[in-house]
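S.K.: Just structure.cif, nothing more (mmCIF, N, CA and C atoms):
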data_query
loop_
_atom_site.group_PDB
_atom_site.id
_atom_site.type_symbol
_atom_site.label_atom_id
_atom_site.label_comp_id
_atom_site.auth_asym_id
_atom_site.auth_seq_id
_atom_site.Cartn_x
_atom_site.Cartn_y
_atom_site.Cartn_z
ATOM 1 N N MET R 20 -51.900 -36.321 79.326
ATOM 2 C CA MET R 20 -52.452 -35.576 78.221
ATOM 3 C C MET R 20 -52.465 -36.476 76.993
ATOM 4 N N ALA R 21 -53.484 -36.376 76.162
ATOM 5 C CA ALA R 21 -53.612 -37.226 74.988
ATOM 6 C C ALA R 21 -53.560 -36.381 73.719
ATOM 7 N N ASN R 22 -53.002 -36.967 72.664
ATOM 8 C CA ASN R 22 -52.973 -36.319 71.360
ATOM 9 C C ASN R 22 -54.336 -36.419 70.718
ATOM 10 N N ALA R 23 -54.487 -35.847 69.525
ATOM 11 C CA ALA R 23 -55.755 -35.895 68.800
ATOM 12 C C ALA R 23 -56.145 -37.328 68.469
ATOM 13 N N ASN R 24 -55.166 -38.210 68.290
ATOM 14 C CA ASN R 24 -55.486 -39.598 67.958
ATOM 15 C C ASN R 24 -55.701 -40.455 69.210
ATOM 16 N N GLY R 25 -55.630 -39.856 70.406
ATOM 17 C CA GLY R 25 -55.911 -40.563 71.643
ATOM 18 C C GLY R 25 -54.705 -41.143 72.342
ATOM 19 N N SER R 26 -53.518 -41.106 71.723
ATOM 20 C CA SER R 26 -52.338 -41.646 72.377
ATOM 21 C C SER R 26 -51.775 -40.616 73.349
ATOM 22 N N ALA R 27 -51.043 -41.092 74.329
ATOM 23 C CA ALA R 27 -50.473 -40.199 75.339
ATOM 24 C C ALA R 27 -49.355 -39.363 74.730
ATOM 25 N N ALA R 28 -49.322 -38.083 75.070
ATOM 26 C CA ALA R 28 -48.278 -37.187 74.567
ATOM 27 C C ALA R 28 -47.005 -37.389 75.376
ATOM 28 N N LEU R 29 -45.877 -37.336 74.714
ATOM 29 C CA LEU R 29 -44.586 -37.463 75.368
ATOM 30 C C LEU R 29 -43.879 -36.120 75.323
ATOM 31 N N SER R 30 -43.194 -35.784 76.396
ATOM 32 C CA SER R 30 -42.403 -34.557 76.400
ATOM 33 C C SER R 30 -41.155 -34.797 75.557
ATOM 34 N N PRO R 31 -40.494 -33.726 75.096
ATOM 35 C CA PRO R 31 -39.265 -33.931 74.305
ATOM 36 C C PRO R 31 -38.213 -34.749 75.047
ATOM 37 N N LEU R 32 -38.098 -34.577 76.360
ATOM 38 C CA LEU R 32 -37.115 -35.346 77.123
ATOM 39 C C LEU R 32 -37.489 -36.824 77.153
ATOM 40 N N ASP R 33 -38.803 -37.139 77.265
ATOM 41 C CA ASP R 33 -39.248 -38.528 77.243
ATOM 42 C C ASP R 33 -38.918 -39.179 75.899
ATOM 43 N N VAL R 34 -39.115 -38.456 74.827
ATOM 44 C CA VAL R 34 -38.836 -38.997 73.505
ATOM 45 C C VAL R 34 -37.347 -39.308 73.378
ATOM 46 N N LEU R 35 -36.512 -38.471 73.943
ATOM 47 C CA LEU R 35 -35.077 -38.668 73.835
ATOM 48 C C LEU R 35 -34.544 -39.745 74.767
ATOM 49 N N THR R 36 -35.368 -40.246 75.704
ATOM 50 C CA THR R 36 -34.906 -41.307 76.590
ATOM 51 C C THR R 36 -35.392 -42.682 76.139
ATOM 52 N N LEU R 37 -36.147 -42.776 75.076
ATOM 53 C CA LEU R 37 -36.592 -44.067 74.578
ATOM 54 C C LEU R 37 -35.404 -44.864 74.077
ATOM 55 N N GLY R 38 -35.413 -46.145 74.253
ATOM 56 C CA GLY R 38 -34.337 -47.004 73.777
ATOM 57 C C GLY R 38 -33.186 -47.133 74.752
ATOM 58 N N GLY R 39 -33.324 -46.667 75.973
ATOM 59 C CA GLY R 39 -32.296 -46.822 76.980
ATOM 60 C C GLY R 39 -31.170 -45.798 76.915
ATOM 61 N N VAL R 40 -31.246 -44.845 76.014
ATOM 62 C CA VAL R 40 -30.225 -43.808 75.904
ATOM 63 C C VAL R 40 -30.864 -42.481 76.262
ATOM 64 N N ARG R 41 -30.195 -41.745 77.122
ATOM 65 C CA ARG R 41 -30.732 -40.446 77.529
ATOM 66 C C ARG R 41 -29.883 -39.347 76.909
ATOM 67 N N ILE R 42 -30.531 -38.516 76.143
ATOM 68 C CA ILE R 42 -29.868 -37.371 75.520
ATOM 69 C C ILE R 42 -30.526 -36.119 76.076
ATOM 70 N N VAL R 43 -29.733 -35.257 76.667
ATOM 71 C CA VAL R 43 -30.267 -34.020 77.232
ATOM 72 C C VAL R 43 -30.087 -32.919 76.191
ATOM 73 N N PRO R 44 -31.197 -32.398 75.654
ATOM 74 C CA PRO R 44 -31.065 -31.341 74.644
ATOM 75 C C PRO R 44 -30.639 -30.024 75.281
ATOM 76 N N CYS R 45 -29.724 -29.344 74.630
ATOM 77 C CA CYS R 45 -29.279 -28.012 75.047
ATOM 78 C C CYS R 45 -29.535 -27.082 73.877
ATOM 79 N N PHE R 46 -30.690 -26.446 73.874
ATOM 80 C CA PHE R 46 -31.083 -25.614 72.752
ATOM 81 C C PHE R 46 -30.313 -24.301 72.753
ATOM 82 N N LEU R 47 -29.871 -23.890 71.560
ATOM 83 C CA LEU R 47 -29.171 -22.639 71.400
ATOM 84 C C LEU R 47 -30.136 -21.577 70.889
ATOM 85 N N PRO R 48 -29.871 -20.324 71.198
ATOM 86 C CA PRO R 48 -30.729 -19.270 70.666
ATOM 87 C C PRO R 48 -30.584 -19.170 69.142
ATOM 88 N N VAL R 49 -31.569 -18.565 68.496
ATOM 89 C CA VAL R 49 -31.533 -18.427 67.044
ATOM 90 C C VAL R 49 -30.315 -17.633 66.610
ATOM 91 N N LYS R 50 -30.039 -16.539 67.284
ATOM 92 C CA LYS R 50 -28.856 -15.739 66.997
ATOM 93 C C LYS R 50 -28.002 -15.694 68.251
ATOM 94 N N ALA R 51 -26.760 -16.104 68.133
ATOM 95 C CA ALA R 51 -25.868 -16.145 69.284
ATOM 96 C C ALA R 51 -24.477 -15.680 68.879
ATOM 97 N N PRO R 52 -24.288 -14.374 68.616
ATOM 98 C CA PRO R 52 -22.973 -13.918 68.181
ATOM 99 C C PRO R 52 -21.881 -14.123 69.220
ATOM 100 N N TRP R 53 -22.232 -14.245 70.489
ATOM 101 C CA TRP R 53 -21.217 -14.487 71.516
ATOM 102 C C TRP R 53 -20.715 -15.928 71.463
ATOM 103 N N LEU R 54 -21.476 -16.850 70.838
ATOM 104 C CA LEU R 54 -21.041 -18.235 70.688
ATOM 105 C C LEU R 54 -20.334 -18.463 69.346
ATOM 106 N N ASN R 55 -20.683 -17.649 68.359
ATOM 107 C CA ASN R 55 -20.128 -17.798 67.022
ATOM 108 C C ASN R 55 -19.706 -16.423 66.526
ATOM 109 N N PRO R 56 -18.445 -16.024 66.737
ATOM 110 C CA PRO R 56 -18.015 -14.669 66.435
ATOM 111 C C PRO R 56 -18.114 -14.285 64.957
ATOM 112 N N ILE R 57 -18.187 -15.255 64.052
ATOM 113 C CA ILE R 57 -18.278 -14.912 62.632
ATOM 114 C C ILE R 57 -19.720 -14.606 62.213
ATOM 115 N N GLU R 58 -20.686 -14.904 63.079
ATOM 116 C CA GLU R 58 -22.096 -14.758 62.713
ATOM 117 C C GLU R 58 -22.484 -13.361 62.230
ATOM 118 N N PRO R 59 -22.110 -12.275 62.928
ATOM 119 C CA PRO R 59 -22.490 -10.948 62.417
ATOM 120 C C PRO R 59 -21.854 -10.640 61.059
ATOM 121 N N LYS R 60 -20.617 -11.075 60.849
ATOM 122 C CA LYS R 60 -19.960 -10.851 59.561
ATOM 123 C C LYS R 60 -20.666 -11.626 58.454
ATOM 124 N N TRP R 61 -21.064 -12.859 58.768
ATOM 125 C CA TRP R 61 -21.749 -13.688 57.782
ATOM 126 C C TRP R 61 -23.109 -13.094 57.448
ATOM 127 N N ALA R 62 -23.838 -12.596 58.427
ATOM 128 C CA ALA R 62 -25.158 -12.028 58.175
ATOM 129 C C ALA R 62 -25.064 -10.824 57.237
ATOM 130 N N HIS R 63 -24.109 -9.928 57.473
ATOM 131 C CA HIS R 63 -23.947 -8.753 56.603
ATOM 132 C C HIS R 63 -23.479 -9.162 55.218
ATOM 133 N N GLY R 64 -22.555 -10.116 55.152
ATOM 134 C CA GLY R 64 -22.061 -10.589 53.868
ATOM 135 C C GLY R 64 -23.144 -11.263 53.052
ATOM 136 N N LYS R 65 -23.974 -12.039 53.701
ATOM 137 C CA LYS R 65 -25.057 -12.736 53.005
ATOM 138 C C LYS R 65 -26.026 -11.733 52.387
ATOM 139 N N LYS R 66 -26.348 -10.677 53.130
ATOM 140 C CA LYS R 66 -27.253 -9.646 52.599
ATOM 141 C C LYS R 66 -26.620 -8.910 51.425
ATOM 142 N N ALA R 67 -25.311 -8.689 51.487
ATOM 143 C CA ALA R 67 -24.631 -7.962 50.417
ATOM 144 C C ALA R 67 -24.464 -8.822 49.164
ATOM 145 N N VAL R 68 -24.346 -10.130 49.323
ATOM 146 C CA VAL R 68 -24.063 -11.021 48.199
ATOM 147 C C VAL R 68 -25.342 -11.540 47.542
ATOM 148 N N ALA R 69 -26.353 -11.860 48.338
ATOM 149 C CA ALA R 69 -27.569 -12.493 47.826
ATOM 150 C C ALA R 69 -28.351 -11.545 46.924
ATOM 151 N N GLU R 70 -29.082 -12.135 46.003
ATOM 152 C CA GLU R 70 -29.929 -11.365 45.103
ATOM 153 C C GLU R 70 -31.310 -12.019 45.101
ATOM 154 N N PRO R 71 -32.322 -11.345 45.657
ATOM 155 C CA PRO R 71 -33.629 -11.988 45.801
ATOM 156 C C PRO R 71 -34.360 -12.232 44.480
ATOM 157 N N GLU R 72 -33.997 -11.520 43.412
ATOM 158 C CA GLU R 72 -34.719 -11.653 42.149
ATOM 159 C C GLU R 72 -34.400 -12.938 41.397
ATOM 160 N N ARG R 73 -33.194 -13.473 41.619
ATOM 161 C CA ARG R 73 -32.819 -14.671 40.867
ATOM 162 C C ARG R 73 -31.802 -15.496 41.649
ATOM 163 N N LEU R 74 -31.656 -16.731 41.226
ATOM 164 C CA LEU R 74 -30.687 -17.636 41.832
ATOM 165 C C LEU R 74 -29.331 -17.400 41.171
ATOM 166 N N LEU R 75 -28.310 -17.206 41.959
ATOM 167 C CA LEU R 75 -26.972 -16.941 41.438
ATOM 168 C C LEU R 75 -26.244 -18.253 41.146
ATOM 169 N N SER R 76 -25.394 -18.230 40.141
ATOM 170 C CA SER R 76 -24.579 -19.413 39.860
ATOM 171 C C SER R 76 -23.466 -19.502 40.906
ATOM 172 N N ALA R 77 -22.832 -20.648 40.965
ATOM 173 C CA ALA R 77 -21.747 -20.850 41.943
ATOM 174 C C ALA R 77 -20.606 -19.871 41.686
ATOM 175 N N ASP R 78 -20.281 -19.630 40.417
ATOM 176 C CA ASP R 78 -19.202 -18.691 40.097
ATOM 177 C C ASP R 78 -19.551 -17.267 40.513
ATOM 178 N N GLU R 79 -20.814 -16.873 40.310
ATOM 179 C CA GLU R 79 -21.244 -15.536 40.730
ATOM 180 C C GLU R 79 -21.161 -15.375 42.238
ATOM 181 N N VAL R 80 -21.583 -16.401 42.970
ATOM 182 C CA VAL R 80 -21.521 -16.345 44.434
ATOM 183 C C VAL R 80 -20.075 -16.235 44.884
ATOM 184 N N ARG R 81 -19.199 -17.050 44.308
ATOM 185 C CA ARG R 81 -17.786 -17.024 44.687
ATOM 186 C C ARG R 81 -17.163 -15.661 44.411
ATOM 187 N N THR R 82 -17.472 -15.084 43.256
ATOM 188 C CA THR R 82 -16.939 -13.764 42.907
ATOM 189 C C THR R 82 -17.452 -12.699 43.859
ATOM 190 N N ARG R 83 -18.749 -12.710 44.144
ATOM 191 C CA ARG R 83 -19.333 -11.704 45.031
ATOM 192 C C ARG R 83 -18.810 -11.827 46.457
ATOM 193 N N VAL R 84 -18.654 -13.045 46.935
ATOM 194 C CA VAL R 84 -18.132 -13.249 48.299
ATOM 195 C C VAL R 84 -16.696 -12.752 48.393
ATOM 196 N N CYS R 85 -15.878 -13.116 47.414
ATOM 197 C CA CYS R 85 -14.476 -12.675 47.427
ATOM 198 C C CYS R 85 -14.378 -11.157 47.306
ATOM 199 N N ASP R 86 -15.217 -10.560 46.481
ATOM 200 C CA ASP R 86 -15.204 -9.096 46.343
ATOM 201 C C ASP R 86 -15.649 -8.418 47.638
ATOM 202 N N TYR R 87 -16.690 -8.942 48.272
ATOM 203 C CA TYR R 87 -17.212 -8.321 49.491
ATOM 204 C C TYR R 87 -16.207 -8.404 50.642
ATOM 205 N N TYR R 88 -15.607 -9.583 50.822
ATOM 206 C CA TYR R 88 -14.681 -9.776 51.939
ATOM 207 C C TYR R 88 -13.235 -9.418 51.589
ATOM 208 N N GLY R 89 -12.976 -9.072 50.325
ATOM 209 C CA GLY R 89 -11.633 -8.671 49.922
ATOM 210 C C GLY R 89 -10.627 -9.809 49.952
ATOM 211 N N CYS R 90 -11.055 -10.997 49.564
ATOM 212 C CA CYS R 90 -10.141 -12.142 49.583
ATOM 213 C C CYS R 90 -9.730 -12.511 48.157
ATOM 214 N N ASP R 91 -8.707 -13.325 48.048
ATOM 215 C CA ASP R 91 -8.214 -13.764 46.749
ATOM 216 C C ASP R 91 -9.134 -14.827 46.157
ATOM 217 N N HIS R 92 -9.225 -14.830 44.830
ATOM 218 C CA HIS R 92 -9.991 -15.862 44.130
ATOM 219 C C HIS R 92 -9.094 -17.085 43.969
ATOM 220 N N LEU R 93 -9.352 -18.119 44.737
ATOM 221 C CA LEU R 93 -8.573 -19.353 44.671
ATOM 222 C C LEU R 93 -9.415 -20.451 44.050
ATOM 223 N N GLU R 94 -8.753 -21.395 43.438
ATOM 224 C CA GLU R 94 -9.468 -22.535 42.865
ATOM 225 C C GLU R 94 -10.000 -23.420 43.997
ATOM 226 N N PRO R 95 -11.183 -24.009 43.812
ATOM 227 C CA PRO R 95 -11.711 -24.906 44.854
ATOM 228 C C PRO R 95 -10.804 -26.111 45.057
ATOM 229 N N LEU R 96 -10.831 -26.658 46.262
ATOM 230 C CA LEU R 96 -10.049 -27.863 46.558
ATOM 231 C C LEU R 96 -10.650 -29.051 45.828
ATOM 232 N N GLU R 97 -9.797 -29.967 45.406
ATOM 233 C CA GLU R 97 -10.264 -31.168 44.732
ATOM 234 C C GLU R 97 -10.423 -32.270 45.769
ATOM 235 N N GLN R 98 -11.479 -33.059 45.592
ATOM 236 C CA GLN R 98 -11.713 -34.178 46.496
ATOM 237 C C GLN R 98 -10.918 -35.378 46.005
ATOM 238 N N LEU R 99 -10.141 -35.962 46.888
ATOM 239 C CA LEU R 99 -9.353 -37.135 46.527
ATOM 240 C C LEU R 99 -10.218 -38.372 46.636
ATOM 241 N N SER R 100 -10.094 -39.264 45.672
ATOM 242 C CA SER R 100 -10.856 -40.502 45.746
ATOM 243 C C SER R 100 -10.126 -41.499 46.628
ATOM 244 N N ALA R 101 -10.873 -42.343 47.281
ATOM 245 C CA ALA R 101 -10.281 -43.296 48.233
ATOM 246 C C ALA R 101 -9.641 -44.465 47.558
#
I need this file expressed as structure tokens, please.
M.R.:
Amino acid sequence: MANANGSAALSPLDVLTLGGVRIVPCFLPVKAPWLNPIEPKWAHGKKAVAEPERLLSADEVRTRVCDYYGCDHLEPLEQLSA
């Protein structure tokens, strides 16, 4: 099979075997709550916290997430320099 530009089309597996390395893709479903148990909680929390009319500041997001999940407001961790 040829592309619009006339070159031969490669299957996704062929593309992943170029260069002498073979990578077998294992595609996951879009929603997989049995693989990621926090997914349903995150989906409901995201809907409760997000506001489609405007972009929330980081402090607003942190406050809304903590209020929704009933967690303590803790200071963010500081990144140590090397």
S.K.: Rounded to one decimal place, report the CA of Ala69 (chain R)-atom N of Leu99 (chain R) distance in Å.
M.R.: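 Computing the Euclidean distance for CA of Ala69 (chain R) and atom N of Leu99 (chain R) yields 29.2 Å.
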S.K.: Hey, could you pull the box centre and edge lengths for region 53-64 of chain R, axis-aligned, 3 Å padding per side, all listed atoms, to one decimal in Å, as AutoDock Vina command-line options?
M.R.:
--center_x -21.6 --center_y -13.6 --center_z 62.3 --size_x 13.1 --size_y 15.7 --size_z 24.5
S.K.: To one decimal place, how far is CA of Tyr87 (chain R) from CA of Pro48 (chain R) in Å?
M.R.: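 Result for CA of Tyr87 (chain R) versus CA of Pro48 (chain R): 27.4 Å, one decimal.
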